[in-house]
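Trainee: What follows is a single structure, and I will ask about it in a moment.
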Amino acid sequence: MKNALIIHPVVLCGGSGTRLWPLSRQSFPKQFVPMLGGKSLLQLTLERVASLGPQVLTVSAEEHRFMVAEALDLAKVNGPLILEPQPRNTAAAMALAALWAQKAHGDAALLLFCPADHHIPDGEAFSDMVQGGAVAAQAGAILTFGVLPSFPSTAYGYIKQGAQRPDGSCKVDQFIEKPKADKAQELLLQGRVLWNAGIFLARADTLLSALSHWAPDILHPCQQAMTAAVTETTAAQKTFVRPESNSFCQARSQSIDYAVMEKHPDVVVLPFNGQWSDVGSWNAVAALQQPDAEGNHVSGQGLVHGATNTYVHAPHRPVVALGTHNLLIIDTPDALLVAHPDMAEQVKDVVARLNAKGQPEALTHRKVARPWGWYDSIDRGERFQVKRIGVKPGASLSLQMHYHRAEHWIVVKGTAEVTVGEKTFLLSENESTYIPIGQVHRLHNPGKMELEMIEVQSGNYLGEDDIVRLEDTYGRR
């Protein structure tokens, strides 16, 4: 697009995605899950916004920093990562980003705030929409984007459009919370309403001024936190910006919608005619799949027979739906969800109940991402545990020891460089070694392909907190 204004994309990577449990969990939320064509929603978002500006700024939880960094690499995108010490919702996350951008690019920097977990397949239409709103944002308005409703959804908030402005945007007359079914139908019949896409475009100084007026108890702690922030550039050329924790945690936790947008007098909206989904429930995920003649949506190894309007998500093993009607079936290696589509929004309530009971499956997957790769706890019993472990090329686990367990390692793919005590040696495929209790050890992948091995742990305590890290590349203790 000729004469296009430079826009600085900001991707907000927070959120736990509890409505997509058991696929999405707190330790591995939906924005990181490979969901569409082998790509995560975060990777697709990064690819979509990359053409708008020279860098992409991301805001995420500290614990997810390496998953964000990996998505940046996969999307071939560069930019700093602001790491929140604790989750404080979108108002604080946007404040951190605006403060960083103001310092880096000046008051007039145009910032596009995008959730990391939305699906917008037409990237060109998205870019045209954003550039079309740049005039209003540059003039001092906070611009939000709305999606033309295709049905009376109860899963989305709505925006009521007011008078049209010369720049093509419309004044926002009202933000409407997620309505009940009859209210949603009424809104569509009234016309001039849009689904709230949660995407915003504003100058850095415009947003900070609005936060100062409407939410100073959010902005001021963020200002203090960014003044004392620590910036680290890793060997992999990733820049991590860590706001000072004590100050940041004083910020009130609230969404930008409640904190600013519903109160600010100069909020305008621009319609988006393209396809959009917040992928916020299993109904939304099912809608991304092409249905068969009976309205069934099947993903992976699912099989339907005599079924209608059934969604099956089965990436790991055969799952058969026989004679079912109006059903959601989501299978993972350690948890299974069977639900009526009308209850899809209540999945988060089930997660809360599981968490209250102390079920680890509420928050973590059997397969866990780590900065160096991953591990999958494939079997466990009294005094033993078996894991598959994958280590990225060139990556190392920490130099560590355990007080309560011994470990047997068997290499099944690649080459392992093993340190045990004072000895360092190589293991090839089908070779193994033994790590006694209390012995200092380290695992390193010196090769150019992923290292995969089987680890058999034995001992009287097998918890992940039985690790004493003596040296760690990733800043963990």
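Letters A, B, ... go to the chains of the structure tokens in the order shown; residues in each chain start at 1; ligands are counted from 1 in the same order.
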Would you kindly return, as a PyMOL selection string, each protein, DNA or RNA residue with an atom no farther than 12 Å from any atom of Glu422 (chain A), considering only C-alpha atoms and excluding same-chain residues fewer than 5 positions away?

Mentor: chain A and resi 399+439-442

Trainee: Store the residues of this selection in a file with all heavy atoms, as an mmCIF file, in the first residue's frame.

Mentor:
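Writing the result to out_3.cif gives the following:
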```
data_model
loop_
_atom_site.group_PDB
_atom_site.id
_atom_site.type_symbol
_atom_site.label_atom_id
_atom_site.label_comp_id
_atom_site.auth_asym_id
_atom_site.auth_seq_id
_atom_site.Cartn_x
_atom_site.Cartn_y
_atom_site.Cartn_z
ATOM 1 N N LEU A 399 22.973 -27.915 34.661
ATOM 2 C CA LEU A 399 23.844 -28.769 35.468
ATOM 3 C C LEU A 399 23.130 -28.932 36.807
ATOM 4 O O LEU A 399 22.869 -27.949 37.498
ATOM 5 C CB LEU A 399 25.208 -28.118 35.652
ATOM 6 C CG LEU A 399 26.256 -28.946 36.402
ATOM 7 C CD1 LEU A 399 26.658 -30.169 35.596
ATOM 8 C CD2 LEU A 399 27.475 -28.100 36.732
ATOM 9 N N GLN A 439 24.178 -37.450 42.260
ATOM 10 C CA GLN A 439 25.287 -37.226 41.330
ATOM 11 C C GLN A 439 24.997 -35.996 40.452
ATOM 12 O O GLN A 439 23.928 -35.868 39.862
ATOM 13 C CB GLN A 439 25.486 -38.444 40.439
ATOM 14 C CG GLN A 439 26.654 -38.321 39.468
ATOM 15 C CD GLN A 439 28.001 -38.287 40.176
ATOM 16 O OE1 GLN A 439 28.444 -39.275 40.737
ATOM 17 N NE2 GLN A 439 28.640 -37.122 40.173
ATOM 18 N N VAL A 440 25.965 -35.092 40.356
ATOM 19 C CA VAL A 440 25.840 -33.921 39.477
ATOM 20 C C VAL A 440 25.876 -34.384 38.026
ATOM 21 O O VAL A 440 26.722 -35.220 37.650
ATOM 22 C CB VAL A 440 26.985 -32.920 39.753
ATOM 23 C CG1 VAL A 440 26.952 -31.770 38.736
ATOM 24 C CG2 VAL A 440 26.867 -32.371 41.174
ATOM 25 N N HIS A 441 24.959 -33.846 37.192
ATOM 26 C CA HIS A 441 24.888 -34.304 35.801
ATOM 27 C C HIS A 441 24.290 -33.229 34.914
ATOM 28 O O HIS A 441 23.655 -32.270 35.376
ATOM 29 C CB HIS A 441 24.055 -35.588 35.700
ATOM 30 C CG HIS A 441 22.638 -35.430 36.170
ATOM 31 N ND1 HIS A 441 22.305 -35.476 37.498
ATOM 32 C CD2 HIS A 441 21.471 -35.222 35.495
ATOM 33 C CE1 HIS A 441 21.003 -35.312 37.638
ATOM 34 N NE2 HIS A 441 20.467 -35.143 36.426
ATOM 35 N N ARG A 442 24.514 -33.407 33.611
ATOM 36 C CA ARG A 442 23.947 -32.509 32.610
ATOM 37 C C ARG A 442 23.747 -33.270 31.302
ATOM 38 O O ARG A 442 24.501 -34.190 30.986
ATOM 39 C CB ARG A 442 24.870 -31.312 32.346
ATOM 40 C CG ARG A 442 24.203 -30.227 31.459
ATOM 41 C CD ARG A 442 25.249 -29.334 30.775
ATOM 42 N NE ARG A 442 26.059 -28.561 31.658
ATOM 43 C CZ ARG A 442 25.770 -27.328 32.104
ATOM 44 N NH1 ARG A 442 24.647 -26.742 31.745
ATOM 45 N NH2 ARG A 442 26.606 -26.702 32.892
#
```

Trainee: Any idea what's packed within 6 Å of region 443-445 of chain A, counting only C-alpha atoms, ignoring anything in its chain fewer than 6 positions away? Could you give it as a short mmCIF file (atom, residue, chain, number, x, y, z; two decimals) with N, CA and C atoms, in the first residue's frame?

Mentor:
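For reference, around_23.cif as written:
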```cif
data_model
loop_
_atom_site.label_atom_id
_atom_site.label_comp_id
_atom_site.auth_asym_id
_atom_site.auth_seq_id
_atom_site.Cartn_x
_atom_site.Cartn_y
_atom_site.Cartn_z
N PRO A 393 18.41 -28.96 18.98
CA PRO A 393 19.82 -28.91 18.57
C PRO A 393 20.56 -27.77 19.27
N GLY A 394 21.69 -28.10 19.86
CA GLY A 394 22.52 -27.10 20.53
C GLY A 394 22.08 -26.75 21.93
N ALA A 395 20.95 -27.28 22.40
CA ALA A 395 20.41 -26.92 23.71
C ALA A 395 20.95 -27.84 24.80
N SER A 396 20.91 -27.33 26.04
CA SER A 396 21.37 -28.09 27.20
C SER A 396 20.39 -27.95 28.35
N LEU A 397 20.23 -29.02 29.11
CA LEU A 397 19.55 -28.92 30.38
C LEU A 397 20.53 -28.34 31.40
N ALA A 416 23.66 -37.68 22.29
CA ALA A 416 23.64 -36.98 23.57
C ALA A 416 25.06 -36.81 24.08
N GLU A 417 25.34 -35.59 24.56
CA GLU A 417 26.58 -35.36 25.31
C GLU A 417 26.21 -35.34 26.79
N VAL A 418 26.74 -36.28 27.54
CA VAL A 418 26.34 -36.49 28.93
C VAL A 418 27.50 -36.15 29.85
#
```

Trainee: Mind checking which residues fall within 12 Å of region 206-215 of chain A, counting only C-alpha atoms, ignoring those fewer than 4 positions away in the same chain, and posting them as a ChimeraX atom specification?

Mentor: /A:90-102,106-113,136-143,200-202,219-223,251-267

Trainee: Choose the residue, out of A:Thr324, A:Thr231, A:Ser245, A:Ser60, that has the smallest atom-to-atom separation from Pro29 (chain A); count only C-alpha atoms.

Mentor: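 Closest to Pro29 (chain A) of all the choices is A:Ser60.
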
Trainee: Which residues, written as a list in words, have at least one atom at most 12 Å from Gln400 (chain A), with only C-alpha atoms counted and residues fewer than 3 positions away on the same chain left out?

Mentor: Ser396, Leu397, Tyr403, Thr419, Val420, Gly421, Ile435, Ile437, Gly438, Gln439, Val440, His441, Arg442, Leu443, Asp465, Asp466, Ile467, Val468, Arg469, Leu470, Glu471, Asp472, Thr473, Arg476 and Arg477 of chain A

Trainee: Would you save the residues from that selection as a compact mmCIF listing (two decimals), in the first residue's frame, using N, CA, C and O atoms?

Mentor:
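In the end it all went to part-v9.txt:
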```txt
# COMPACT_ATOMS: atom_id res chain seq x y z
N SER A 396 20.91 -27.33 26.04
CA SER A 396 21.37 -28.09 27.20
C SER A 396 20.39 -27.95 28.35
O SER A 396 19.78 -26.90 28.53
N LEU A 397 20.23 -29.02 29.11
CA LEU A 397 19.55 -28.92 30.38
C LEU A 397 20.53 -28.34 31.40
O LEU A 397 21.74 -28.26 31.15
N TYR A 403 18.14 -35.27 45.02
CA TYR A 403 18.35 -35.90 46.32
C TYR A 403 17.57 -37.21 46.49
O TYR A 403 17.91 -38.04 47.34
N THR A 419 27.19 -35.36 30.87
CA THR A 419 28.15 -35.09 31.94
C THR A 419 27.65 -35.76 33.21
O THR A 419 26.51 -35.50 33.64
N VAL A 420 28.47 -36.62 33.80
CA VAL A 420 28.15 -37.26 35.08
C VAL A 420 29.37 -37.11 35.97
O VAL A 420 30.44 -37.69 35.70
N GLY A 421 29.24 -36.29 37.02
CA GLY A 421 30.39 -36.02 37.87
C GLY A 421 31.49 -35.32 37.09
O GLY A 421 31.27 -34.29 36.46
N ILE A 435 22.41 -42.47 36.14
CA ILE A 435 22.74 -41.32 36.98
C ILE A 435 22.37 -41.67 38.42
O ILE A 435 21.17 -41.72 38.75
N ILE A 437 21.66 -41.38 42.54
CA ILE A 437 21.10 -40.34 43.42
C ILE A 437 22.24 -39.44 43.92
O ILE A 437 23.31 -39.93 44.32
N GLY A 438 22.02 -38.12 43.87
CA GLY A 438 23.00 -37.18 44.39
C GLY A 438 24.14 -36.84 43.46
O GLY A 438 25.00 -36.02 43.79
N GLN A 439 24.18 -37.45 42.26
CA GLN A 439 25.29 -37.23 41.33
C GLN A 439 25.00 -36.00 40.45
O GLN A 439 23.93 -35.87 39.86
N VAL A 440 25.97 -35.09 40.36
CA VAL A 440 25.84 -33.92 39.48
C VAL A 440 25.88 -34.38 38.03
O VAL A 440 26.72 -35.22 37.65
N HIS A 441 24.96 -33.85 37.19
CA HIS A 441 24.89 -34.30 35.80
C HIS A 441 24.29 -33.23 34.91
O HIS A 441 23.66 -32.27 35.38
N ARG A 442 24.51 -33.41 33.61
CA ARG A 442 23.95 -32.51 32.61
C ARG A 442 23.75 -33.27 31.30
O ARG A 442 24.50 -34.19 30.99
N LEU A 443 22.71 -32.86 30.53
CA LEU A 443 22.43 -33.42 29.22
C LEU A 443 22.52 -32.31 28.19
O LEU A 443 21.92 -31.24 28.36
N ASP A 465 10.15 -30.64 41.66
CA ASP A 465 10.90 -29.71 42.52
C ASP A 465 12.13 -30.36 43.16
O ASP A 465 12.87 -29.69 43.88
N ASP A 466 12.35 -31.65 42.90
CA ASP A 466 13.59 -32.29 43.37
C ASP A 466 14.69 -32.07 42.33
O ASP A 466 15.23 -33.01 41.74
N ILE A 467 15.00 -30.80 42.08
CA ILE A 467 16.07 -30.43 41.16
C ILE A 467 16.89 -29.32 41.82
O ILE A 467 16.36 -28.27 42.17
N VAL A 468 18.16 -29.57 42.00
CA VAL A 468 19.09 -28.53 42.46
C VAL A 468 19.89 -28.10 41.25
O VAL A 468 20.72 -28.86 40.73
N ARG A 469 19.63 -26.89 40.74
CA ARG A 469 20.33 -26.39 39.55
C ARG A 469 21.61 -25.68 39.98
O ARG A 469 21.57 -24.68 40.70
N LEU A 470 22.73 -26.18 39.50
CA LEU A 470 24.03 -25.59 39.82
C LEU A 470 24.46 -24.57 38.79
O LEU A 470 25.11 -23.58 39.11
N GLU A 471 24.12 -24.80 37.53
CA GLU A 471 24.33 -23.86 36.43
C GLU A 471 23.12 -23.96 35.51
O GLU A 471 22.65 -25.06 35.23
N ASP A 472 22.63 -22.81 35.01
CA ASP A 472 21.47 -22.85 34.12
C ASP A 472 21.56 -21.72 33.10
O ASP A 472 21.69 -20.55 33.47
N THR A 473 21.48 -22.07 31.82
CA THR A 473 21.54 -21.11 30.73
C THR A 473 20.31 -20.20 30.70
O THR A 473 20.36 -19.10 30.18
N ARG A 476 17.00 -20.00 35.45
CA ARG A 476 16.12 -20.63 36.44
C ARG A 476 16.92 -21.03 37.66
O ARG A 476 18.14 -21.16 37.64
N ARG A 477 16.20 -21.25 38.76
CA ARG A 477 16.85 -21.69 39.99
C ARG A 477 16.43 -23.11 40.35
O ARG A 477 15.40 -23.55 39.96
```

Trainee: As a PDB file with all heavy atoms, in the first residue's frame, please: every residue in region 224-253 of chain A that a backbone DSSP assignment puts in strand (DSSP E or B).

Mentor:
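So part_0.pdb came out as:
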```
ATOM      1  N   VAL A 230      14.555  -4.233  33.671  1.00  0.00           N
ATOM      2  CA  VAL A 230      15.852  -4.796  33.292  1.00  0.00           C
ATOM      3  C   VAL A 230      15.720  -5.395  31.897  1.00  0.00           C
ATOM      4  O   VAL A 230      14.782  -6.158  31.625  1.00  0.00           O
ATOM      5  CB  VAL A 230      16.292  -5.882  34.296  1.00  0.00           C
ATOM      6  CG1 VAL A 230      17.581  -6.555  33.821  1.00  0.00           C
ATOM      7  CG2 VAL A 230      16.467  -5.288  35.681  1.00  0.00           C
ATOM      8  N   THR A 231      16.644  -5.038  31.008  1.00  0.00           N
ATOM      9  CA  THR A 231      16.621  -5.546  29.630  1.00  0.00           C
ATOM     10  C   THR A 231      17.786  -6.504  29.426  1.00  0.00           C
ATOM     11  O   THR A 231      18.928  -6.209  29.776  1.00  0.00           O
ATOM     12  CB  THR A 231      16.719  -4.389  28.620  1.00  0.00           C
ATOM     13  OG1 THR A 231      15.599  -3.515  28.805  1.00  0.00           O
ATOM     14  CG2 THR A 231      16.694  -4.902  27.187  1.00  0.00           C
ATOM     15  N   GLU A 232      17.470  -7.667  28.866  1.00  0.00           N
ATOM     16  CA  GLU A 232      18.481  -8.700  28.619  1.00  0.00           C
ATOM     17  C   GLU A 232      18.413  -9.125  27.155  1.00  0.00           C
ATOM     18  O   GLU A 232      17.336  -9.404  26.632  1.00  0.00           O
ATOM     19  CB  GLU A 232      18.207  -9.915  29.504  1.00  0.00           C
ATOM     20  CG  GLU A 232      19.076 -11.132  29.184  1.00  0.00           C
ATOM     21  CD  GLU A 232      18.509 -12.434  29.726  1.00  0.00           C
ATOM     22  OE1 GLU A 232      17.414 -12.419  30.316  1.00  0.00           O
ATOM     23  OE2 GLU A 232      19.167 -13.482  29.532  1.00  0.00           O
ATOM     24  N   THR A 233      19.559  -9.154  26.490  1.00  0.00           N
ATOM     25  CA  THR A 233      19.644  -9.677  25.129  1.00  0.00           C
ATOM     26  C   THR A 233      20.393 -11.002  25.169  1.00  0.00           C
ATOM     27  O   THR A 233      21.537 -11.065  25.629  1.00  0.00           O
ATOM     28  CB  THR A 233      20.351  -8.694  24.189  1.00  0.00           C
ATOM     29  OG1 THR A 233      19.626  -7.460  24.167  1.00  0.00           O
ATOM     30  CG2 THR A 233      20.399  -9.247  22.773  1.00  0.00           C
ATOM     31  N   THR A 239      15.498 -10.082  22.836  1.00  0.00           N
ATOM     32  CA  THR A 239      15.545  -9.034  23.852  1.00  0.00           C
ATOM     33  C   THR A 239      14.365  -9.207  24.805  1.00  0.00           C
ATOM     34  O   THR A 239      13.209  -9.073  24.404  1.00  0.00           O
ATOM     35  CB  THR A 239      15.497  -7.640  23.216  1.00  0.00           C
ATOM     36  OG1 THR A 239      16.638  -7.482  22.360  1.00  0.00           O
ATOM     37  CG2 THR A 239      15.530  -6.559  24.278  1.00  0.00           C
ATOM     38  N   PHE A 240      14.669  -9.523  26.058  1.00  0.00           N
ATOM     39  CA  PHE A 240      13.652  -9.663  27.094  1.00  0.00           C
ATOM     40  C   PHE A 240      13.650  -8.405  27.956  1.00  0.00           C
ATOM     41  O   PHE A 240      14.694  -7.992  28.472  1.00  0.00           O
ATOM     42  CB  PHE A 240      13.935 -10.880  27.984  1.00  0.00           C
ATOM     43  CG  PHE A 240      13.839 -12.204  27.274  1.00  0.00           C
ATOM     44  CD1 PHE A 240      14.806 -13.181  27.457  1.00  0.00           C
ATOM     45  CD2 PHE A 240      12.781 -12.480  26.427  1.00  0.00           C
ATOM     46  CE1 PHE A 240      14.722 -14.409  26.820  1.00  0.00           C
ATOM     47  CE2 PHE A 240      12.680 -13.697  25.774  1.00  0.00           C
ATOM     48  CZ  PHE A 240      13.646 -14.667  25.961  1.00  0.00           C
ATOM     49  N   VAL A 241      12.475  -7.792  28.105  1.00  0.00           N
ATOM     50  CA  VAL A 241      12.315  -6.615  28.951  1.00  0.00           C
ATOM     51  C   VAL A 241      11.516  -7.036  30.172  1.00  0.00           C
ATOM     52  O   VAL A 241      10.357  -7.469  30.050  1.00  0.00           O
ATOM     53  CB  VAL A 241      11.590  -5.478  28.208  1.00  0.00           C
ATOM     54  CG1 VAL A 241      11.435  -4.260  29.108  1.00  0.00           C
ATOM     55  CG2 VAL A 241      12.333  -5.112  26.928  1.00  0.00           C
ATOM     56  N   ARG A 242      12.124  -6.928  31.358  1.00  0.00           N
ATOM     57  CA  ARG A 242      11.479  -7.372  32.587  1.00  0.00           C
ATOM     58  C   ARG A 242      11.128  -6.174  33.464  1.00  0.00           C
ATOM     59  O   ARG A 242      12.002  -5.603  34.118  1.00  0.00           O
ATOM     60  CB  ARG A 242      12.392  -8.330  33.354  1.00  0.00           C
ATOM     61  CG  ARG A 242      12.579  -9.684  32.661  1.00  0.00           C
ATOM     62  CD  ARG A 242      13.455 -10.607  33.492  1.00  0.00           C
ATOM     63  NE  ARG A 242      13.434 -11.971  32.979  1.00  0.00           N
ATOM     64  CZ  ARG A 242      14.233 -12.437  32.040  1.00  0.00           C
ATOM     65  NH1 ARG A 242      15.150 -11.634  31.502  1.00  0.00           N
ATOM     66  NH2 ARG A 242      14.149 -13.686  31.626  1.00  0.00           N
TER      67      ARG A 242
END
```

Trainee: Show me, as a PyMOL selection string, the residues that have an atom within 9 Å of region 350-362 of chain A when counting only C-alpha atoms, minus same-chain residues fewer than 3 positions from it.

Mentor: chain A and resi 18-19+21-22+25-26+334-335+346-347+365-366

Trainee: Identify which of the residues A:Leu57, A:Leu23, A:Val269, A:Met453 lies closest to His313 (chain A), counting only C-alpha atoms when measuring atom-to-atom distances.

Mentor: A:Leu23

Trainee: Which parts of region 198-375 of chain A does DSSP call alpha helix (DSSP H) when run on the backbone here, written out as a ChimeraX atom specification?

Mentor: /A:204-214,216-227,245-248,256,282-287,347-356

Trainee: Between A:Glu452, A:Asp167, A:Glu429, A:Asp117, which one has atoms that come closest to Val135 (chain A), using only C-alpha atoms?

Mentor: A:Asp167

Trainee: Could you state the separation of CA of Glu70 (chain A) and CA of Cys13 (chain A) in Å, given to one decimal place?

Mentor: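 So the answer is 13.1 Å.
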
Trainee: Closest to Val130 (chain A) among A:Leu44, A:Val33, A:Leu52, A:Ile329, using only C-alpha atoms?

Mentor: A:Leu52

Trainee: Write out as a list in words each polymer residue whose atoms come within 12 Å of Lys39 (chain A), counting only C-alpha atoms; drop sequence neighbours fewer than 2 positions from it.

Mentor: Lys30, Gln31, Phe32, Val33, Pro34, Met35, Leu36, Gly37, Leu41, Leu42, Gln43, Leu44, Thr45, Leu46, Glu47, Glu70, Ala71, Leu72, Leu74, Ala75, Asp117 and His119 of chain A

Trainee: Go ahead and dump the residues you just picked, N, CA, C and O atoms, as a short mmCIF file (atom, residue, chain, number, x, y, z; two decimals), in the first residue's frame.

Mentor:
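Saved the output as part17.cif:
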```
data_model
loop_
_atom_site.label_atom_id
_atom_site.label_comp_id
_atom_site.auth_asym_id
_atom_site.auth_seq_id
_atom_site.Cartn_x
_atom_site.Cartn_y
_atom_site.Cartn_z
N LYS A 30 -3.91 -21.81 24.65
CA LYS A 30 -4.32 -22.09 23.27
C LYS A 30 -3.49 -21.34 22.24
O LYS A 30 -3.31 -21.83 21.13
N GLN A 31 -2.97 -20.14 22.58
CA GLN A 31 -2.22 -19.38 21.58
C GLN A 31 -0.92 -20.07 21.17
O GLN A 31 -0.37 -19.77 20.12
N PHE A 32 -0.44 -21.02 21.98
CA PHE A 32 0.81 -21.73 21.66
C PHE A 32 0.57 -23.11 21.04
O PHE A 32 1.52 -23.75 20.60
N VAL A 33 -0.66 -23.58 21.05
CA VAL A 33 -0.97 -24.93 20.58
C VAL A 33 -1.01 -24.95 19.05
O VAL A 33 -1.71 -24.14 18.44
N PRO A 34 -0.26 -25.84 18.39
CA PRO A 34 -0.39 -25.97 16.93
C PRO A 34 -1.82 -26.40 16.59
O PRO A 34 -2.21 -27.52 16.87
N MET A 35 -2.58 -25.49 15.98
CA MET A 35 -4.01 -25.74 15.84
C MET A 35 -4.48 -25.71 14.39
O MET A 35 -5.42 -26.39 14.03
N LEU A 36 -3.81 -24.93 13.54
CA LEU A 36 -4.26 -24.77 12.17
C LEU A 36 -3.09 -25.00 11.22
O LEU A 36 -2.15 -24.21 11.19
N GLY A 37 -3.14 -26.09 10.48
CA GLY A 37 -2.07 -26.39 9.54
C GLY A 37 -0.72 -26.55 10.20
O GLY A 37 0.32 -26.23 9.60
N LEU A 41 -1.85 -20.30 16.84
CA LEU A 41 -2.52 -19.02 16.61
C LEU A 41 -1.56 -17.86 16.79
O LEU A 41 -1.66 -16.84 16.08
N LEU A 42 -0.61 -17.98 17.73
CA LEU A 42 0.39 -16.92 17.91
C LEU A 42 1.25 -16.78 16.68
O LEU A 42 1.50 -15.65 16.21
N GLN A 43 1.74 -17.88 16.14
CA GLN A 43 2.57 -17.80 14.93
C GLN A 43 1.80 -17.16 13.79
O GLN A 43 2.33 -16.30 13.07
N LEU A 44 0.55 -17.55 13.61
CA LEU A 44 -0.27 -16.98 12.54
C LEU A 44 -0.51 -15.48 12.76
O LEU A 44 -0.50 -14.70 11.81
N THR A 45 -0.70 -15.08 14.01
CA THR A 45 -0.87 -13.66 14.32
C THR A 45 0.40 -12.88 13.99
O THR A 45 0.35 -11.79 13.40
N LEU A 46 1.54 -13.41 14.38
CA LEU A 46 2.82 -12.74 14.09
C LEU A 46 3.04 -12.60 12.59
O LEU A 46 3.48 -11.54 12.12
N GLU A 47 2.74 -13.64 11.85
CA GLU A 47 2.88 -13.57 10.39
C GLU A 47 1.93 -12.52 9.80
O GLU A 47 2.29 -11.82 8.85
N GLU A 70 10.14 -18.88 20.44
CA GLU A 70 10.10 -19.91 19.39
C GLU A 70 9.10 -19.54 18.30
O GLU A 70 9.37 -19.72 17.11
N ALA A 71 7.94 -18.99 18.69
CA ALA A 71 6.94 -18.57 17.70
C ALA A 71 7.48 -17.43 16.84
O ALA A 71 7.22 -17.37 15.63
N LEU A 72 8.23 -16.51 17.43
CA LEU A 72 8.86 -15.43 16.66
C LEU A 72 9.80 -16.00 15.61
O LEU A 72 9.82 -15.55 14.46
N LEU A 74 9.71 -19.06 14.27
CA LEU A 74 8.94 -19.77 13.25
C LEU A 74 8.27 -18.81 12.29
O LEU A 74 8.13 -19.10 11.10
N ALA A 75 7.84 -17.65 12.80
CA ALA A 75 7.19 -16.65 11.95
C ALA A 75 8.18 -15.76 11.23
O ALA A 75 7.78 -14.91 10.43
N ASP A 117 -4.47 -14.90 20.04
CA ASP A 117 -5.19 -16.15 19.84
C ASP A 117 -6.41 -16.02 18.94
O ASP A 117 -7.35 -16.81 19.05
N HIS A 119 -8.17 -15.88 14.99
CA HIS A 119 -7.95 -16.45 13.66
C HIS A 119 -8.56 -15.51 12.62
O HIS A 119 -9.77 -15.29 12.60
#
```

Trainee: Ser277 (chain A): which residues within 12 Å, counting only C-alpha atoms, same-chain residues fewer than 5 positions away excluded, as an MDAnalysis selection string?

Mentor: chainID A and resid 41 115:122 146:150 153 155:156 195:198 272 282:288
